[in-house]
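Here is the structure we will look at.
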Amino acid sequence: MTVSFFVTYSTIMTDLEPIRLAGVADRRPLVIAGPCSAETEAQTLDTARGLAAAGIRIFRAGLWKPRTKPGGFEGVGAAGIAWLQRVKRETGMYVTTEVATRSHVEAALAGGIDLLWIGARTTANPFAMQEIADALEGRDIPVLLKNPISPDLELWIGAVERLRNAGLRRLGVIHRGFTSIDRSRYRNHPMWAIPIELRRRFPALQIFCDPSHIGGRRELIAPLAQQAMDMGFDGLFVEVHCAPDQAWSDKTQQITPQVLVQLIENLTIRETTTTDCLDELRTQIDKLDDRLLELLAERMRVACEIGRCKKEHGMPVLQTRRYEELLARRTTQAVELGMDEEFMRSVLQAIHEESIRQQMGTIDEK
């Protein structure tokens, strides 16, 4: 499966503001943590107290839970707002929950929720996003948007723009991975290139990582969180439960407050400033990129000649057997050279698509 999203984008949302809350330290990573679902008042408060003792200042808990199939736990709904209010009173933490409809927004605002997040299914629905944007128009509240389920960068950006057009400026996004038909060790494929491209287009937009949903298993949360920090992400959005194995939803991807403390303590936060050594290595990368482009251009010229040859002999452009042999041989070679098989497969697929396009252009020539 090839994902094409590297295009020029002229609109730069430079007027966005970071998610800053009074009393919350302005440093990386900004950690937002709490259970997948607020199940009971006792479970919500126990988890919040454990996180507050660990120094976490923003507590998350889902009240309305969209489920893939009916019959699962769909959240306690607006009744849980009173539990979040108690969390605020007793711990001093800020609280956030997911909203998916106008009624969710209105209930959350009326209940004094400090920050809202929008889930992947909702981000993917422009009608739902516009309804939420209309409900939030004129409000000054931070909002975080998870990426849509499919790897569609424009859809993600469109959701952010709807909120921005409604007057909201304290906006951020949450990278929670993408649904893929390919088998993977992850619950949701990270596809890191997509949030990286989002950062390139909109440097002012804060990016949080949700390692819980990407990994789907608690042992993957720490390495994914470190990867996010290595890529310069601003914060982490982690599912934490006082008793994860008894959780009513997503139990395999939740950790305890104590484990979260260890995770944060073990993170390596690298400086963003450059050094002479880094500048020299980047110069080498620039030179290698120049060579790669020259080689790709030469490959496309040969592809055009192949197209002319096929045209002369009445052959179809797509030679499936040849492509499958090339894909298998080159991915094996890439693994032997220390590269990821899936990465090389996606590169070769993109090159093949462009080669086919070039050959079709040659065949269509009069």
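Chains: A, B, ... in order of the structure tokens. Residues: from 1 per chain. Ligands: from 1, in order shown.
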
### Task
Name the residues in contact with A:Ile141 at a cut-off of 9 Å, using only C-alpha atoms, excluding same-chain residues fewer than 5 positions from it; report them as a ChimeraX atom specification.
/A:114-116,136,168-171

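Excluding A:Lys251 itself and same-chain residues fewer than 4 positions from it, the residues having an atom within 10 Å of it are Pro35, Cys36, Gly216, Arg217, Arg218, Glu239, Val240, His241, Ala243, Pro244, Asp245, Gln246, Ala247 and Ile255 of chain A, counting only C-alpha atoms.
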
Same residues, N, CA, C and O atoms, saved as a CSV table (one decimal), in the first residue's frame:
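Below you can see result_37.csv, which holds the result:
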chain,number,residue,atom,x,y,z
A,35,PRO,N,-7.3,6.9,32.4
A,35,PRO,CA,-7.8,5.7,31.8
A,35,PRO,C,-8.5,5.9,30.5
A,35,PRO,O,-9.0,6.9,30.1
A,36,CYS,N,-8.5,4.8,29.7
A,36,CYS,CA,-9.3,4.8,28.5
A,36,CYS,C,-10.7,5.2,28.7
A,36,CYS,O,-11.2,6.1,28.0
A,216,GLY,N,-0.9,-0.8,21.2
A,216,GLY,CA,-1.9,-1.8,21.5
A,216,GLY,C,-1.5,-2.8,22.6
A,216,GLY,O,-2.3,-3.6,23.1
A,217,ARG,N,-0.2,-2.8,23.0
A,217,ARG,CA,0.3,-3.6,24.1
A,217,ARG,C,1.1,-2.8,25.0
A,217,ARG,O,2.0,-2.0,24.5
A,218,ARG,N,1.0,-3.0,26.3
A,218,ARG,CA,1.7,-2.1,27.2
A,218,ARG,C,3.2,-2.1,27.1
A,218,ARG,O,3.9,-1.1,27.3
A,239,GLU,N,-2.6,6.1,28.1
A,239,GLU,CA,-3.7,5.5,28.8
A,239,GLU,C,-3.1,4.8,30.1
A,239,GLU,O,-2.3,3.9,30.0
A,240,VAL,N,-3.6,5.3,31.3
A,240,VAL,CA,-3.1,4.8,32.6
A,240,VAL,C,-4.4,4.5,33.4
A,240,VAL,O,-5.3,5.2,33.5
A,241,HIS,N,-4.3,3.3,34.1
A,241,HIS,CA,-5.4,2.8,34.9
A,241,HIS,C,-4.9,2.3,36.2
A,241,HIS,O,-3.7,1.8,36.3
A,243,ALA,N,-5.8,-0.2,37.8
A,243,ALA,CA,-5.8,-1.7,37.7
A,243,ALA,C,-6.0,-2.1,36.3
A,243,ALA,O,-7.1,-2.6,35.9
A,244,PRO,N,-5.0,-2.0,35.4
A,244,PRO,CA,-5.2,-2.2,34.0
A,244,PRO,C,-5.8,-3.5,33.6
A,244,PRO,O,-6.6,-3.6,32.7
A,245,ASP,N,-5.4,-4.6,34.3
A,245,ASP,CA,-5.9,-5.9,33.9
A,245,ASP,C,-7.4,-6.1,34.1
A,245,ASP,O,-8.1,-7.0,33.6
A,246,GLN,N,-8.0,-5.2,34.9
A,246,GLN,CA,-9.5,-5.2,35.2
A,246,GLN,C,-10.2,-4.1,34.4
A,246,GLN,O,-11.4,-3.9,34.6
A,247,ALA,N,-9.5,-3.4,33.5
A,247,ALA,CA,-10.2,-2.3,32.8
A,247,ALA,C,-11.3,-2.8,31.9
A,247,ALA,O,-11.3,-4.0,31.4
A,255,ILE,N,-1.4,1.1,31.4
A,255,ILE,CA,-0.3,0.9,32.4
A,255,ILE,C,-0.7,1.6,33.7
A,255,ILE,O,-1.7,2.4,33.7

### Task
Please provide the set of residues having any atom within 12 Å of A:Leu163, restricted to only C-alpha atoms, with same-chain residues fewer than 4 positions apart removed, written as an MDAnalysis selection string.
chainID A and resid 13 16 117:118 123 126 128:145 156:159 167:173

### Task
Return as a ChimeraX atom specification the full set of residues in stretch 5-153 of chain A whose backbone-based DSSP assignment is alpha helix (DSSP H).
/A:41-53,81-91,102-110,120-123,126-136,153

Let's have the selection written as a short mmCIF file (atom, residue, chain, number, x, y, z; two decimals), in the first residue's frame, with N, CA and C atoms.
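This went into selection-v6.cif:
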data_model
loop_
_atom_site.label_atom_id
_atom_site.label_comp_id
_atom_site.auth_asym_id
_atom_site.auth_seq_id
_atom_site.Cartn_x
_atom_site.Cartn_y
_atom_site.Cartn_z
N GLU A 41 -16.71 5.91 39.71
CA GLU A 41 -16.13 7.06 40.41
C GLU A 41 -14.87 6.66 41.17
N ALA A 42 -14.90 5.50 41.82
CA ALA A 42 -13.75 5.05 42.59
C ALA A 42 -12.54 4.81 41.68
N GLN A 43 -12.76 4.14 40.56
CA GLN A 43 -11.65 3.88 39.63
C GLN A 43 -11.08 5.17 39.07
N THR A 44 -11.95 6.11 38.74
CA THR A 44 -11.50 7.40 38.21
C THR A 44 -10.66 8.15 39.24
N LEU A 45 -11.12 8.20 40.46
CA LEU A 45 -10.40 8.94 41.51
C LEU A 45 -9.11 8.24 41.91
N ASP A 46 -9.12 6.92 42.01
CA ASP A 46 -7.90 6.19 42.36
C ASP A 46 -6.81 6.43 41.32
N THR A 47 -7.18 6.37 40.05
CA THR A 47 -6.20 6.61 38.99
C THR A 47 -5.69 8.04 39.04
N ALA A 48 -6.60 9.00 39.22
CA ALA A 48 -6.21 10.41 39.27
C ALA A 48 -5.27 10.69 40.44
N ARG A 49 -5.55 10.12 41.59
CA ARG A 49 -4.70 10.34 42.76
C ARG A 49 -3.30 9.79 42.51
N GLY A 50 -3.22 8.61 41.89
CA GLY A 50 -1.91 8.05 41.57
C GLY A 50 -1.13 8.91 40.60
N LEU A 51 -1.81 9.47 39.62
CA LEU A 51 -1.14 10.33 38.64
C LEU A 51 -0.74 11.67 39.27
N ALA A 52 -1.61 12.22 40.09
CA ALA A 52 -1.28 13.49 40.76
C ALA A 52 -0.05 13.31 41.64
N ALA A 53 0.04 12.18 42.34
CA ALA A 53 1.21 11.91 43.18
C ALA A 53 2.47 11.78 42.35
N ILE A 81 -19.08 13.42 34.24
CA ILE A 81 -18.54 14.77 34.39
C ILE A 81 -18.39 15.13 35.86
N ALA A 82 -19.33 14.70 36.69
CA ALA A 82 -19.22 14.95 38.13
C ALA A 82 -17.98 14.30 38.71
N TRP A 83 -17.59 13.15 38.18
CA TRP A 83 -16.38 12.49 38.66
C TRP A 83 -15.14 13.31 38.30
N LEU A 84 -15.13 13.85 37.08
CA LEU A 84 -13.99 14.68 36.65
C LEU A 84 -13.94 15.98 37.46
N GLN A 85 -15.09 16.53 37.77
CA GLN A 85 -15.12 17.72 38.63
C GLN A 85 -14.52 17.41 40.00
N ARG A 86 -14.80 16.23 40.52
CA ARG A 86 -14.23 15.85 41.81
C ARG A 86 -12.72 15.66 41.70
N VAL A 87 -12.27 15.11 40.57
CA VAL A 87 -10.82 15.00 40.33
C VAL A 87 -10.17 16.37 40.41
N LYS A 88 -10.78 17.37 39.77
CA LYS A 88 -10.25 18.73 39.80
C LYS A 88 -10.18 19.27 41.23
N ARG A 89 -11.27 19.08 41.98
CA ARG A 89 -11.32 19.62 43.34
C ARG A 89 -10.30 18.95 44.26
N GLU A 90 -10.17 17.64 44.16
CA GLU A 90 -9.36 16.91 45.13
C GLU A 90 -7.88 16.85 44.77
N THR A 91 -7.54 16.93 43.48
CA THR A 91 -6.13 16.80 43.08
C THR A 91 -5.54 18.08 42.50
N ARG A 102 -22.28 17.67 19.16
CA ARG A 102 -22.58 18.96 19.78
C ARG A 102 -23.01 18.77 21.24
N SER A 103 -23.84 17.75 21.50
CA SER A 103 -24.30 17.55 22.88
C SER A 103 -23.16 17.21 23.82
N HIS A 104 -22.16 16.45 23.34
CA HIS A 104 -20.98 16.18 24.15
C HIS A 104 -20.25 17.48 24.49
N VAL A 105 -20.06 18.31 23.48
CA VAL A 105 -19.37 19.59 23.68
C VAL A 105 -20.12 20.44 24.70
N GLU A 106 -21.40 20.56 24.55
CA GLU A 106 -22.19 21.40 25.46
C GLU A 106 -22.12 20.88 26.89
N ALA A 107 -22.20 19.56 27.06
CA ALA A 107 -22.12 18.98 28.40
C ALA A 107 -20.74 19.20 29.02
N ALA A 108 -19.69 19.03 28.20
CA ALA A 108 -18.33 19.20 28.70
C ALA A 108 -18.06 20.65 29.10
N LEU A 109 -18.51 21.59 28.28
CA LEU A 109 -18.31 23.01 28.59
C LEU A 109 -19.09 23.40 29.84
N ALA A 110 -20.32 22.94 29.93
CA ALA A 110 -21.13 23.26 31.10
C ALA A 110 -20.53 22.67 32.37
N ALA A 120 -10.35 9.59 16.54
CA ALA A 120 -9.99 9.30 15.15
C ALA A 120 -11.21 9.15 14.25
N ARG A 121 -12.25 8.49 14.75
CA ARG A 121 -13.44 8.30 13.92
C ARG A 121 -14.12 9.63 13.63
N THR A 122 -14.12 10.53 14.61
CA THR A 122 -14.77 11.82 14.42
C THR A 122 -13.96 12.72 13.51
N THR A 123 -12.64 12.72 13.67
CA THR A 123 -11.77 13.52 12.81
C THR A 123 -11.98 13.17 11.35
N PRO A 126 -16.11 14.91 8.16
CA PRO A 126 -16.23 16.37 8.04
C PRO A 126 -17.54 16.92 8.59
N PHE A 127 -18.64 16.17 8.47
CA PHE A 127 -19.91 16.64 9.01
C PHE A 127 -19.84 16.75 10.53
N ALA A 128 -19.29 15.71 11.17
CA ALA A 128 -19.16 15.73 12.63
C ALA A 128 -18.21 16.84 13.07
N MET A 129 -17.11 17.00 12.32
CA MET A 129 -16.15 18.04 12.68
C MET A 129 -16.77 19.43 12.57
N GLN A 130 -17.58 19.66 11.54
CA GLN A 130 -18.19 20.98 11.40
C GLN A 130 -19.21 21.22 12.52
N GLU A 131 -19.92 20.18 12.93
CA GLU A 131 -20.87 20.31 14.03
C GLU A 131 -20.14 20.70 15.32
N ILE A 132 -18.99 20.07 15.56
CA ILE A 132 -18.21 20.38 16.76
C ILE A 132 -17.64 21.79 16.66
N ALA A 133 -17.14 22.15 15.48
CA ALA A 133 -16.59 23.50 15.28
C ALA A 133 -17.66 24.57 15.54
N ASP A 134 -18.87 24.32 15.05
CA ASP A 134 -19.96 25.27 15.27
C ASP A 134 -20.30 25.39 16.76
N ALA A 135 -20.26 24.25 17.46
CA ALA A 135 -20.56 24.26 18.89
C ALA A 135 -19.50 24.99 19.70
N LEU A 136 -18.27 25.01 19.18
CA LEU A 136 -17.16 25.62 19.91
C LEU A 136 -16.87 27.06 19.46
N LEU A 153 -3.60 12.68 5.26
CA LEU A 153 -3.09 13.90 5.89
C LEU A 153 -4.01 15.09 5.64
#

Do you have, as JSON lines, the list of residues of stretch 222-338 of chain A lying at most 10 Å from stretch 343-352 of chain A, each with its nearest atom pair and that distance in Å to one decimal, counting only C-alpha atoms and ordered by chain then number?
{"residue": "A:Leu296", "atom": "CA", "partner": "A:Ile351", "partner_atom": "CA", "distance": 8.4}
{"residue": "A:Arg299", "atom": "CA", "partner": "A:Ile351", "partner_atom": "CA", "distance": 9.3}
{"residue": "A:Met300", "atom": "CA", "partner": "A:Ile351", "partner_atom": "CA", "distance": 8.8}
{"residue": "A:Ala303", "atom": "CA", "partner": "A:His352", "partner_atom": "CA", "distance": 9.6}
{"residue": "A:Leu318", "atom": "CA", "partner": "A:His352", "partner_atom": "CA", "distance": 9.8}
{"residue": "A:Tyr323", "atom": "CA", "partner": "A:His352", "partner_atom": "CA", "distance": 8.1}
{"residue": "A:Leu326", "atom": "CA", "partner": "A:Leu348", "partner_atom": "CA", "distance": 8.9}
{"residue": "A:Leu327", "atom": "CA", "partner": "A:Arg345", "partner_atom": "CA", "distance": 6.8}
{"residue": "A:Ala328", "atom": "CA", "partner": "A:Arg345", "partner_atom": "CA", "distance": 8.7}
{"residue": "A:Arg330", "atom": "CA", "partner": "A:Met344", "partner_atom": "CA", "distance": 7.8}
{"residue": "A:Thr331", "atom": "CA", "partner": "A:Met344", "partner_atom": "CA", "distance": 5.9}
{"residue": "A:Thr332", "atom": "CA", "partner": "A:Met344", "partner_atom": "CA", "distance": 9.3}
{"residue": "A:Gln333", "atom": "CA", "partner": "A:Met344", "partner_atom": "CA", "distance": 9.5}
{"residue": "A:Ala334", "atom": "CA", "partner": "A:Met344", "partner_atom": "CA", "distance": 6.6}
{"residue": "A:Val335", "atom": "CA", "partner": "A:Met344", "partner_atom": "CA", "distance": 8.6}

Based on the selection just made, write N, CA, C and O atoms of those residues as a JSON list (two decimals), in the first residue's frame.
[["chain", "number", "residue", "atom", "x", "y", "z"],
["A", 296, "LEU", "N", 17.37, 8.69, -9.58],
["A", 296, "LEU", "CA", 15.95, 8.50, -9.86],
["A", 296, "LEU", "C", 15.56, 9.09, -11.22],
["A", 296, "LEU", "O", 14.78, 8.50, -11.97],
["A", 299, "ARG", "N", 16.75, 6.76, -13.79],
["A", 299, "ARG", "CA", 15.90, 5.57, -13.83],
["A", 299, "ARG", "C", 14.61, 5.87, -14.60],
["A", 299, "ARG", "O", 14.13, 5.02, -15.37],
["A", 300, "MET", "N", 14.05, 7.05, -14.40],
["A", 300, "MET", "CA", 12.83, 7.41, -15.11],
["A", 300, "MET", "C", 13.07, 7.57, -16.60],
["A", 300, "MET", "O", 12.21, 7.26, -17.43],
["A", 303, "ALA", "N", 12.98, 4.19, -17.87],
["A", 303, "ALA", "CA", 11.60, 3.72, -17.87],
["A", 303, "ALA", "C", 10.86, 4.22, -19.11],
["A", 303, "ALA", "O", 10.04, 3.50, -19.70],
["A", 318, "LEU", "N", 1.93, -2.60, -17.83],
["A", 318, "LEU", "CA", 2.10, -3.29, -16.56],
["A", 318, "LEU", "C", 2.53, -4.73, -16.78],
["A", 318, "LEU", "O", 1.80, -5.52, -17.39],
["A", 323, "TYR", "N", 7.35, -7.17, -12.01],
["A", 323, "TYR", "CA", 7.29, -6.28, -10.85],
["A", 323, "TYR", "C", 7.36, -7.07, -9.55],
["A", 323, "TYR", "O", 8.06, -6.68, -8.61],
["A", 326, "LEU", "N", 10.91, -8.22, -8.99],
["A", 326, "LEU", "CA", 11.75, -7.09, -8.57],
["A", 326, "LEU", "C", 11.49, -6.73, -7.12],
["A", 326, "LEU", "O", 12.42, -6.49, -6.35],
["A", 327, "LEU", "N", 10.21, -6.68, -6.73],
["A", 327, "LEU", "CA", 9.84, -6.32, -5.37],
["A", 327, "LEU", "C", 10.43, -7.31, -4.37],
["A", 327, "LEU", "O", 11.00, -6.92, -3.33],
["A", 328, "ALA", "N", 10.31, -8.59, -4.66],
["A", 328, "ALA", "CA", 10.83, -9.62, -3.75],
["A", 328, "ALA", "C", 12.34, -9.54, -3.66],
["A", 328, "ALA", "O", 12.92, -9.62, -2.55],
["A", 330, "ARG", "N", 14.45, -6.99, -4.34],
["A", 330, "ARG", "CA", 14.98, -5.76, -3.74],
["A", 330, "ARG", "C", 14.66, -5.64, -2.25],
["A", 330, "ARG", "O", 15.47, -5.12, -1.49],
["A", 331, "THR", "N", 13.50, -6.12, -1.82],
["A", 331, "THR", "CA", 13.20, -6.06, -0.38],
["A", 331, "THR", "C", 14.12, -6.99, 0.39],
["A", 331, "THR", "O", 14.57, -6.66, 1.49],
["A", 332, "THR", "N", 14.41, -8.17, -0.19],
["A", 332, "THR", "CA", 15.36, -9.09, 0.46],
["A", 332, "THR", "C", 16.73, -8.44, 0.56],
["A", 332, "THR", "O", 17.41, -8.51, 1.59],
["A", 333, "GLN", "N", 17.15, -7.80, -0.52],
["A", 333, "GLN", "CA", 18.44, -7.12, -0.53],
["A", 333, "GLN", "C", 18.48, -5.99, 0.49],
["A", 333, "GLN", "O", 19.48, -5.78, 1.18],
["A", 334, "ALA", "N", 17.37, -5.28, 0.63],
["A", 334, "ALA", "CA", 17.30, -4.17, 1.59],
["A", 334, "ALA", "C", 17.46, -4.68, 3.02],
["A", 334, "ALA", "O", 18.17, -4.06, 3.84],
["A", 335, "VAL", "N", 16.80, -5.79, 3.34],
["A", 335, "VAL", "CA", 16.94, -6.37, 4.68],
["A", 335, "VAL", "C", 18.38, -6.76, 4.95],
["A", 335, "VAL", "O", 18.91, -6.53, 6.05]]

### Message
So that I can see what lies close to A:Trp192, please list as a ChimeraX atom specification the residues with an atom at most 9 Å from it, counting only C-alpha atoms and leaving out residues fewer than 6 positions away in the same chain.
### Response
/A:175,177,228,231

The selected residues should be written to file as a JSON list (two decimals), in the first residue's frame (atoms: C-alpha atoms).
[["chain", "number", "residue", "atom", "x", "y", "z"],
["A", 175, "HIS", "CA", -0.73, 10.88, 16.52],
["A", 177, "GLY", "CA", -1.41, 5.55, 14.27],
["A", 228, "ALA", "CA", 8.14, 10.27, 19.53],
["A", 231, "MET", "CA", 11.25, 13.04, 16.47]]
